[in-house]
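What follows is a short report on a single structure.
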Number of protein chains: 2
Amino acid sequence: MKNILVIGSGRSAVTLIKYLLENSVKNDWKVTVADFSLDSALDAVDNNVNGRAILFNVEDELQRSKEIKGSDIVISMLPASLHVTVAKDCIKFKKNLVTASYVSNEIAALNDEAKNAGVLLLNEIGLDPGIDHMSAMKVIDDIKDEGGEITSFKSYCGGLVHPDYDDNPWNYKFTWNPRNVVLAGQGTAQYIESNSYKYITYTKLFERTDIVSVLDAGEFEGYANRDSLSYRKSYGLHNISTLFRGTLRRRGYSEAWNIFVQLGVTDDSYKVENSNTLTYRDFINMFLPCDSSISVEEKLCIEFNLSVNSTIYKKLEWLGIFSEKKVIIKNGSPAQILQSILEDKWSLAANDKDMIVMQHQFEYIYKNTKKKLNSSLIVFGDTPRFTSMAKTVGLPVAIATKLILEGKINEKGVKIPTSKEIYLPVLKELSENGINFVEELV
Amino acid sequence: MKNILVIGSGRSAVTLIKYLLENSVKNDWKVTVADFSLDSALDAVDNNVNGRAILFNVEDELQRSKEIKGSDIVISMLPASLHVTVAKDCIKFKKNLVTASYVSNEIAALNDEAKNAGVLLLNEIGLDPGIDHMSAMKVIDDIKDEGGEITSFKSYCGGLVHPDYDDNPWNYKFTWNPRNVVLAGQGTAQYIESNSYKYITYTKLFERTDIVSVLDAGEFEGYANRDSLSYRKSYGLHNISTLFRGTLRRRGYSEAWNIFVQLGVTDDSYKVENSNTLTYRDFINMFLPCDSSISVEEKLCIEFNLSVNSTIYKKLEWLGIFSEKKVIIKNGSPAQILQSILEDKWSLAANDKDMIVMQHQFEYIYKNTKKKLNSSLIVFGDTPRFTSMAKTVGLPVAIATKLILEGKINEKGVKIPTSKEIYLPVLKELSENGINFVEELV
């Protein structure tokens, strides 16, 4: 019997744990689910005979080393900053580790140690990062293997509300960490277009969107992610002319969100004193010029040259930002206050489902002919608990874990899933689980 | 004979040192000028019999303690971050210290130690901070002493080119640290207006300017400084309705500068790889959308809805940003690259002079009547070396030093010049040196 230790049983881990438990009998697995909340771990294990739920504190060295030592493989679904503690124990006790998080500098620094110990620390094998790497690398390797030369690669991904539950003027709900949505894009986006570095500063980001059409899901708009440049190295696309990664929203989202950006209410760098004494309306007014002769609504319209009949204004008004409702955050940053206002309106309702949309757009030269190929994915959530996000993050982690236990993945050191050894079998089984990319020659 | 140690003989110290040397015979002073560059120290001492120029390294503990120990008072004109090393030795050897810099957290933390040692660490006694504090406090105390209640205080200051040498479309030249000019306003400006906190985010800052008319110097525009709130405490204006501090430029500057802000070229948070292979034109193009069918000039005009005949466009073009000249900075941040481009055009010519403009605007209630009072200052530079900046920074430092040596200032601990004991005699002697505020009831 193989022991699998899953640390963290939060929203993104539920499908992962379900898969492991469902496959535990035929594979002879024991699945330990360790969480800071025993209730959460118990919920995830759901009385499965091969499951074991434990209360777990990753800072408790004794418990941590005991559990890791007793396992055959470890999966960490903790917040990214906590992986390194787990990773060090995995090296010490020679256990492989799987995570869905970006390789941090701290994790990258463990590469030699992990190799020397014969341990694989496999990261970035969730959705984004994860499925994006694997599906892109499959197309990239296919084109290269046939002698094609890739000149342009653009890749977009978004977590959105399922179309059947898309019932607000923003066509958006929080299906993932709301804080990341509020802070999205801060800094400067960097990418390459037609062999030239391009920079988009935060306050231009939501103005410079691309229109992206994905299969029968309709049209979206994509804004640039912060870092596209590092993908040259990860994907072996060193001399590519155009390389761009972006985030998808439904059309019209960005121009309305841009008002918040321009106003400065997404700022997380300072606190508003006694913010809990303010109404939503007061809060917005703090960012507008002082003029007691006109209303907050009028000031906002003047500042951004908006009409009250515009779709932008209607989106803002629908959020209740002009209401007399009290801010619930005390001494919060503008971003924290805005998040609390948005959570009133953008939280998923009890029966809502979510949706994941991804599209890779390739341009390449094959036998002196220019070709365009799109590879697209749409995944819907099954239930409010088993969301498309939990599915697309959790299944690749689960499948990779199985493959490692079966001895089918033999890499060592700190890795991401860009090699055929990993992505071919993982993509194959994802496809058997309904996660299928559709390729179209455009 | 009293020994005065002046550490740092850069641009801002020349008038200070000149004053000390000119007054050295009648006061029986020996003035040691210590600088990392012996030439700079020698230039400042200018063969004066009571002067002594030394090569000095503030990191050399032996030399530092020897010089501080042998002095009766120390003036630090070093970069602000280096004051703390000097201040600690001043406490150790019980010597008073004068600087023109803001009180840093590190300096503030020395308050108790300094008091216990009977030492005064007097800071913020240059121009801004310095003359602004003293001249504002004089009016504030006068109004309060007569029973008035201050309801609004706005204060503006700017370092600009002398009108006779103002010969470019920006009506601006670098008369001070160019880097600070390029980075000015980053973050969020905070102030109070009509009893409400107000926040202006960086990308709105140069759009929301006030028009300020100063005596016969004409009109200026003022944009908000980052922090106005802390002045409630420093100036004892705890319940004031409106408190605003701003920076002055000639009219039209801000709307043109705003283009750089909006484009993102003032960003100092990342480096542009191999920036020295770019032309000025390439650099600007990196921040504009990709479109090879139109020129960089056309793209900029479209992006900001500018006509080539507009004053904004003419200002930008005059700077040479569309030229094929090569960037001289290697791997520079956008802000560093922009600074180097601006230095081509905005540096003071050999004979140029500068100008300081300051205005305090008070509103107060006196015997149930609303009153408005402006207190304004204009100072012109004498020569390209003895600038108005060197004069207004250096003279208050020199005068305060004299007063401390004469036993006329007896405060201890970490101080700024907001008390009558300091500001009354300093302002009096500044006035004798031609630095006079003009008060007008509006």
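Ordering of the structure tokens sets the chain letters (A, B, ...), residue numbers begin anew at 1 in every chain, and ligands are numbered from 1 in the order given.
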
List every residue of stretch 374-438 of chain B that DSSP, applied to the backbone, labels as alpha helix (DSSP H), and write the result as a VMD selection string. chain B and resid 388 to 405 420 to 432

Residue neighbourhood A:Tyr202, 10 Å, only C-alpha atoms, exclusion window fewer than 6 positions, as a PDB file with N, CA, C and O atoms, in the first residue's frame:
ATOM      1  N   ALA A 184      -4.881  42.598  -9.617  1.00  0.00           N
ATOM      2  CA  ALA A 184      -4.383  42.105 -10.919  1.00  0.00           C
ATOM      3  C   ALA A 184      -3.790  43.229 -11.764  1.00  0.00           C
ATOM      4  O   ALA A 184      -4.386  44.289 -11.914  1.00  0.00           O
ATOM      5  N   GLY A 185      -2.619  42.968 -12.276  1.00  0.00           N
ATOM      6  CA  GLY A 185      -2.021  43.876 -13.265  1.00  0.00           C
ATOM      7  C   GLY A 185      -1.174  44.991 -12.691  1.00  0.00           C
ATOM      8  O   GLY A 185      -0.613  45.784 -13.449  1.00  0.00           O
ATOM      9  N   GLN A 186      -1.066  45.092 -11.355  1.00  0.00           N
ATOM     10  CA  GLN A 186      -0.260  46.175 -10.792  1.00  0.00           C
ATOM     11  C   GLN A 186       1.209  45.947 -11.130  1.00  0.00           C
ATOM     12  O   GLN A 186       1.688  44.820 -11.169  1.00  0.00           O
ATOM     13  N   GLY A 187       1.923  47.020 -11.406  1.00  0.00           N
ATOM     14  CA  GLY A 187       3.287  46.919 -11.923  1.00  0.00           C
ATOM     15  C   GLY A 187       3.261  47.216 -13.413  1.00  0.00           C
ATOM     16  O   GLY A 187       2.454  48.027 -13.869  1.00  0.00           O
ATOM     17  N   THR A 188       4.103  46.565 -14.148  1.00  0.00           N
ATOM     18  CA  THR A 188       4.200  46.830 -15.585  1.00  0.00           C
ATOM     19  C   THR A 188       4.202  45.511 -16.339  1.00  0.00           C
ATOM     20  O   THR A 188       4.982  44.619 -16.018  1.00  0.00           O
ATOM     21  N   ALA A 189       3.333  45.382 -17.327  1.00  0.00           N
ATOM     22  CA  ALA A 189       3.306  44.171 -18.153  1.00  0.00           C
ATOM     23  C   ALA A 189       4.406  44.249 -19.195  1.00  0.00           C
ATOM     24  O   ALA A 189       4.601  45.302 -19.809  1.00  0.00           O
ATOM     25  N   ALA A 224      -2.886  42.058 -20.761  1.00  0.00           N
ATOM     26  CA  ALA A 224      -1.560  41.445 -20.652  1.00  0.00           C
ATOM     27  C   ALA A 224      -1.226  41.028 -19.230  1.00  0.00           C
ATOM     28  O   ALA A 224      -1.462  41.785 -18.290  1.00  0.00           O
ATOM     29  N   ARG A 226       1.655  40.198 -16.309  1.00  0.00           N
ATOM     30  CA  ARG A 226       2.848  40.956 -15.963  1.00  0.00           C
ATOM     31  C   ARG A 226       4.092  40.463 -16.696  1.00  0.00           C
ATOM     32  O   ARG A 226       4.849  41.219 -17.262  1.00  0.00           O
ATOM     33  N   ASN A 258     -11.219  49.694 -15.442  1.00  0.00           N
ATOM     34  CA  ASN A 258     -10.222  50.755 -15.611  1.00  0.00           C
ATOM     35  C   ASN A 258     -10.576  52.018 -14.810  1.00  0.00           C
ATOM     36  O   ASN A 258      -9.690  52.745 -14.384  1.00  0.00           O
ATOM     37  N   VAL A 261      -9.054  51.568 -11.526  1.00  0.00           N
ATOM     38  CA  VAL A 261      -7.600  51.720 -11.629  1.00  0.00           C
ATOM     39  C   VAL A 261      -7.237  53.204 -11.702  1.00  0.00           C
ATOM     40  O   VAL A 261      -6.366  53.687 -10.974  1.00  0.00           O
ATOM     41  N   GLN A 262      -7.903  53.940 -12.585  1.00  0.00           N
ATOM     42  CA  GLN A 262      -7.593  55.358 -12.783  1.00  0.00           C
ATOM     43  C   GLN A 262      -7.867  56.176 -11.517  1.00  0.00           C
ATOM     44  O   GLN A 262      -7.170  57.140 -11.227  1.00  0.00           O
TER      45      GLN A 262
ATOM     46  N   THR B 203      -1.392  58.803 -11.271  1.00  0.00           N
ATOM     47  CA  THR B 203      -1.807  59.082 -12.651  1.00  0.00           C
ATOM     48  C   THR B 203      -2.913  60.130 -12.746  1.00  0.00           C
ATOM     49  O   THR B 203      -3.350  60.475 -13.837  1.00  0.00           O
ATOM     50  N   GLN B 262       1.492  58.890 -17.793  1.00  0.00           N
ATOM     51  CA  GLN B 262       0.494  57.974 -18.359  1.00  0.00           C
ATOM     52  C   GLN B 262       1.149  56.880 -19.201  1.00  0.00           C
ATOM     53  O   GLN B 262       0.681  55.753 -19.253  1.00  0.00           O
ATOM     54  N   LEU B 263       2.222  57.241 -19.877  1.00  0.00           N
ATOM     55  CA  LEU B 263       2.907  56.290 -20.754  1.00  0.00           C
ATOM     56  C   LEU B 263       3.686  55.254 -19.941  1.00  0.00           C
ATOM     57  O   LEU B 263       3.963  54.158 -20.419  1.00  0.00           O
ATOM     58  N   GLY B 264       4.041  55.609 -18.706  1.00  0.00           N
ATOM     59  CA  GLY B 264       4.801  54.676 -17.865  1.00  0.00           C
ATOM     60  C   GLY B 264       6.302  54.876 -17.931  1.00  0.00           C
ATOM     61  O   GLY B 264       7.055  54.071 -17.385  1.00  0.00           O
TER      62      GLY B 264
END

Which polymer residues have any atom within 12 Å of an atom of stretch 290-296 of chain A, counting only C-alpha atoms, with same-chain residues fewer than 5 positions away left out, as a VMD selection string? (chain A and resid 280 to 285 301 to 303 317 321 to 324) or (chain B and resid 191 to 200 208 242)

Write out as JSON, numbers by chain each polymer residue whose atoms come within 10 Å of stretch 66-77 of chain B, counting only C-alpha atoms; drop sequence neighbours fewer than 5 positions from it. {"B": [1, 2, 3, 4, 5, 6, 7, 8, 9, 10, 11, 12, 13, 16, 29, 30, 31, 32, 33, 34, 35, 56, 61, 82, 83, 84, 86, 87, 89, 90, 92, 93, 94, 95, 96, 97, 98, 99, 100, 101, 120, 121, 122, 123, 394, 397, 398, 401, 402, 404, 405]}

Let's have the selection written as a compact mmCIF listing (two decimals), in the first residue's frame, with N, CA and C atoms.
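Dumped everything to out23.txt:
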# COMPACT_ATOMS: atom_id res chain seq x y z
N MET B 1 38.45 80.31 20.30
CA MET B 1 38.04 80.08 18.91
C MET B 1 37.13 78.84 18.83
N LYS B 2 36.01 78.98 18.12
CA LYS B 2 35.07 77.85 17.98
C LYS B 2 35.31 77.12 16.66
N ASN B 3 35.29 75.81 16.74
CA ASN B 3 35.47 75.00 15.53
C ASN B 3 34.14 74.52 14.98
N ILE B 4 33.88 74.86 13.71
CA ILE B 4 32.66 74.38 13.04
C ILE B 4 33.08 73.34 12.01
N LEU B 5 32.46 72.16 12.11
CA LEU B 5 32.76 71.11 11.12
C LEU B 5 31.59 71.01 10.15
N VAL B 6 31.86 71.30 8.87
CA VAL B 6 30.82 71.14 7.83
C VAL B 6 31.17 69.90 7.02
N ILE B 7 30.29 68.88 7.09
CA ILE B 7 30.55 67.65 6.34
C ILE B 7 29.72 67.69 5.06
N GLY B 8 30.39 67.71 3.91
CA GLY B 8 29.72 67.81 2.60
C GLY B 8 29.80 69.23 2.08
N SER B 9 30.37 69.37 0.88
CA SER B 9 30.52 70.71 0.30
C SER B 9 29.93 70.77 -1.10
N GLY B 10 28.87 69.99 -1.32
CA GLY B 10 28.22 69.94 -2.63
C GLY B 10 27.45 71.21 -2.94
N ARG B 11 26.67 71.16 -4.02
CA ARG B 11 25.95 72.33 -4.54
C ARG B 11 25.15 73.08 -3.49
N SER B 12 24.54 72.32 -2.57
CA SER B 12 23.64 72.98 -1.62
C SER B 12 24.40 73.61 -0.46
N ALA B 13 25.73 73.35 -0.37
CA ALA B 13 26.48 73.80 0.80
C ALA B 13 27.30 75.06 0.54
N LEU B 16 26.15 78.32 2.38
CA LEU B 16 26.35 78.05 3.80
C LEU B 16 27.81 78.26 4.20
N TRP B 29 35.68 82.09 14.45
CA TRP B 29 35.37 80.71 14.06
C TRP B 29 36.50 80.14 13.22
N LYS B 30 36.70 78.85 13.39
CA LYS B 30 37.52 78.07 12.47
C LYS B 30 36.55 77.12 11.74
N VAL B 31 36.55 77.16 10.42
CA VAL B 31 35.57 76.35 9.67
C VAL B 31 36.28 75.23 8.91
N THR B 32 36.01 73.99 9.32
CA THR B 32 36.58 72.84 8.62
C THR B 32 35.55 72.32 7.62
N VAL B 33 35.93 72.26 6.36
CA VAL B 33 35.04 71.73 5.33
C VAL B 33 35.56 70.36 4.93
N ALA B 34 34.73 69.33 5.17
CA ALA B 34 35.14 67.95 4.96
C ALA B 34 34.33 67.36 3.82
N ASP B 35 35.02 66.85 2.82
CA ASP B 35 34.29 66.27 1.69
C ASP B 35 35.03 65.07 1.14
N PHE B 56 37.62 63.68 3.30
CA PHE B 56 36.89 63.06 4.42
C PHE B 56 36.03 61.90 3.93
N GLU B 61 35.75 55.49 10.62
CA GLU B 61 35.34 55.77 12.00
C GLU B 61 36.38 56.61 12.75
N LEU B 82 22.98 59.30 5.28
CA LEU B 82 24.27 59.22 5.99
C LEU B 82 24.30 60.03 7.29
N HIS B 83 23.23 60.80 7.54
CA HIS B 83 23.24 61.64 8.76
C HIS B 83 23.34 60.82 10.03
N VAL B 84 22.72 59.64 10.04
CA VAL B 84 22.57 58.93 11.30
C VAL B 84 23.93 58.53 11.91
N VAL B 86 26.70 60.19 11.58
CA VAL B 86 27.25 61.42 12.16
C VAL B 86 26.52 61.76 13.47
N ALA B 87 25.20 61.62 13.46
CA ALA B 87 24.40 61.97 14.63
C ALA B 87 24.79 61.14 15.84
N ASP B 89 27.72 59.81 16.52
CA ASP B 89 28.98 60.34 17.06
C ASP B 89 28.76 61.68 17.77
N CYS B 90 27.85 62.50 17.26
CA CYS B 90 27.57 63.79 17.91
C CYS B 90 27.04 63.57 19.32
N LYS B 92 27.62 60.87 21.14
CA LYS B 92 28.73 60.30 21.90
C LYS B 92 29.66 61.39 22.44
N PHE B 93 29.98 62.36 21.55
CA PHE B 93 30.96 63.39 21.95
C PHE B 93 30.28 64.70 22.39
N LYS B 94 28.94 64.64 22.57
CA LYS B 94 28.18 65.78 23.07
C LYS B 94 28.36 67.04 22.22
N LYS B 95 28.14 66.90 20.93
CA LYS B 95 28.23 68.04 20.01
C LYS B 95 26.85 68.23 19.37
N ASN B 96 26.44 69.47 19.21
CA ASN B 96 25.18 69.74 18.52
C ASN B 96 25.35 69.51 17.01
N LEU B 97 24.24 69.14 16.37
CA LEU B 97 24.27 68.83 14.94
C LEU B 97 23.17 69.59 14.23
N VAL B 98 23.46 70.12 13.04
CA VAL B 98 22.45 70.81 12.22
C VAL B 98 22.41 70.15 10.84
N THR B 99 21.21 69.85 10.35
CA THR B 99 21.04 69.34 8.98
C THR B 99 19.83 70.01 8.33
N ALA B 100 19.79 69.93 7.01
CA ALA B 100 18.67 70.50 6.26
C ALA B 100 17.71 69.42 5.79
N SER B 101 17.88 68.21 6.33
CA SER B 101 17.09 67.07 5.83
C SER B 101 15.90 66.73 6.71
N LEU B 120 21.53 68.88 20.92
CA LEU B 120 20.47 69.25 19.99
C LEU B 120 20.79 68.66 18.61
N LEU B 121 19.85 67.90 18.06
CA LEU B 121 19.97 67.46 16.67
C LEU B 121 18.89 68.23 15.90
N LEU B 122 19.30 69.36 15.31
CA LEU B 122 18.34 70.24 14.64
C LEU B 122 18.30 69.89 13.15
N ASN B 123 17.11 69.48 12.68
CA ASN B 123 16.95 69.06 11.29
C ASN B 123 15.94 69.96 10.58
N GLY B 394 21.13 76.98 2.48
CA GLY B 394 22.33 77.16 3.30
C GLY B 394 22.22 78.22 4.37
N VAL B 397 20.61 77.18 7.73
CA VAL B 397 21.53 76.27 8.43
C VAL B 397 22.63 77.08 9.10
N ALA B 398 23.22 78.01 8.34
CA ALA B 398 24.34 78.81 8.87
C ALA B 398 23.88 79.68 10.03
N THR B 401 23.23 77.65 13.11
CA THR B 401 24.52 77.24 13.68
C THR B 401 25.10 78.37 14.54
N LYS B 402 25.06 79.58 13.99
CA LYS B 402 25.57 80.74 14.74
C LYS B 402 24.80 80.92 16.05
N ILE B 404 23.13 78.75 17.76
CA ILE B 404 23.43 77.68 18.73
C ILE B 404 24.77 77.97 19.41
N LEU B 405 25.77 78.36 18.60
CA LEU B 405 27.09 78.66 19.18
C LEU B 405 27.02 79.84 20.15

Excluding same-chain residues fewer than 6 positions from B:Pro129, what lies within 12 Å of it counting only C-alpha atoms, as a PyMOL selection string? chain B and resi 99-103+122-123+135-136+155-157+231+234+245+358+392-394+396-397+416-418

Next, dump the selected residues to file, keeping only N, CA and C atoms, as a compact mmCIF listing (two decimals), in the first residue's frame.
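The resulting file, again_10.txt, is shown below:
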# COMPACT_ATOMS: atom_id res chain seq x y z
N THR B 99 21.21 69.85 10.35
CA THR B 99 21.04 69.34 8.98
C THR B 99 19.83 70.01 8.33
N ALA B 100 19.79 69.93 7.01
CA ALA B 100 18.67 70.50 6.26
C ALA B 100 17.71 69.42 5.79
N SER B 101 17.88 68.21 6.33
CA SER B 101 17.09 67.07 5.83
C SER B 101 15.90 66.73 6.71
N TYR B 102 14.93 66.01 6.12
CA TYR B 102 13.80 65.51 6.89
C TYR B 102 14.28 64.59 7.99
N VAL B 103 13.59 64.61 9.12
CA VAL B 103 13.89 63.69 10.22
C VAL B 103 13.51 62.28 9.77
N LEU B 122 19.30 69.36 15.31
CA LEU B 122 18.34 70.24 14.64
C LEU B 122 18.30 69.89 13.15
N ASN B 123 17.11 69.48 12.68
CA ASN B 123 16.95 69.06 11.29
C ASN B 123 15.94 69.96 10.58
N SER B 135 8.43 80.11 8.32
CA SER B 135 7.55 81.19 7.86
C SER B 135 6.08 80.85 8.10
N ALA B 136 5.73 79.57 7.95
CA ALA B 136 4.35 79.17 8.23
C ALA B 136 4.04 79.30 9.71
N SER B 155 0.08 75.34 1.14
CA SER B 155 1.44 75.84 1.02
C SER B 155 2.10 75.24 -0.22
N TYR B 156 2.73 76.11 -1.00
CA TYR B 156 3.33 75.68 -2.27
C TYR B 156 4.77 76.13 -2.33
N CYS B 157 5.61 75.31 -2.95
CA CYS B 157 7.01 75.71 -3.14
C CYS B 157 7.53 75.12 -4.44
N TYR B 231 1.57 67.33 8.70
CA TYR B 231 1.75 68.72 9.10
C TYR B 231 0.72 69.17 10.13
N SER B 234 2.88 68.55 13.18
CA SER B 234 4.08 69.40 13.26
C SER B 234 3.70 70.86 13.51
N ARG B 245 -0.27 70.64 0.82
CA ARG B 245 1.04 71.12 0.41
C ARG B 245 1.30 70.70 -1.03
N MET B 358 7.77 80.51 -3.14
CA MET B 358 7.01 79.84 -2.08
C MET B 358 5.78 80.67 -1.75
N THR B 392 18.87 79.55 -0.10
CA THR B 392 17.73 79.31 0.80
C THR B 392 17.91 78.05 1.63
N VAL B 393 18.69 77.10 1.14
CA VAL B 393 19.00 75.91 1.95
C VAL B 393 20.09 76.25 2.96
N GLY B 394 21.13 76.98 2.48
CA GLY B 394 22.33 77.16 3.30
C GLY B 394 22.22 78.22 4.37
N PRO B 396 19.68 79.42 6.31
CA PRO B 396 19.06 79.05 7.60
C PRO B 396 19.93 78.10 8.41
N VAL B 397 20.61 77.18 7.73
CA VAL B 397 21.53 76.27 8.43
C VAL B 397 22.63 77.08 9.10
N ILE B 416 12.80 70.17 14.96
CA ILE B 416 12.66 70.90 13.70
C ILE B 416 12.28 72.33 14.08
N PRO B 417 12.51 73.31 13.20
CA PRO B 417 12.42 74.71 13.63
C PRO B 417 10.99 75.26 13.64
N THR B 418 10.14 74.71 14.52
CA THR B 418 8.77 75.19 14.60
C THR B 418 8.52 76.02 15.86

Residue nearest chain A - candidates B:Asn274, B:Asn368, B:Asn239, B:Ser254, atoms counted: only C-alpha atoms: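 For chain A, the nearest of the given residues is B:Asn274.
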
Would you compute the distance between atom CA of B:Leu78 and atom CA of B:Ile125? Give it in Å to one decimal. 14.1 Å

Please measure the separation of atom CA of B:Asn50 and atom CA of B:Leu21, giving the value in Å to one decimal.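 Spanning atom CA of B:Asn50 to atom CA of B:Leu21 is a straight-line distance of 6.7 Å.
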
Judged by only C-alpha atoms, the minimum distance to chain B among A:Leu205, A:Leu316, A:Leu377, A:Leu110 is found for A:Leu205
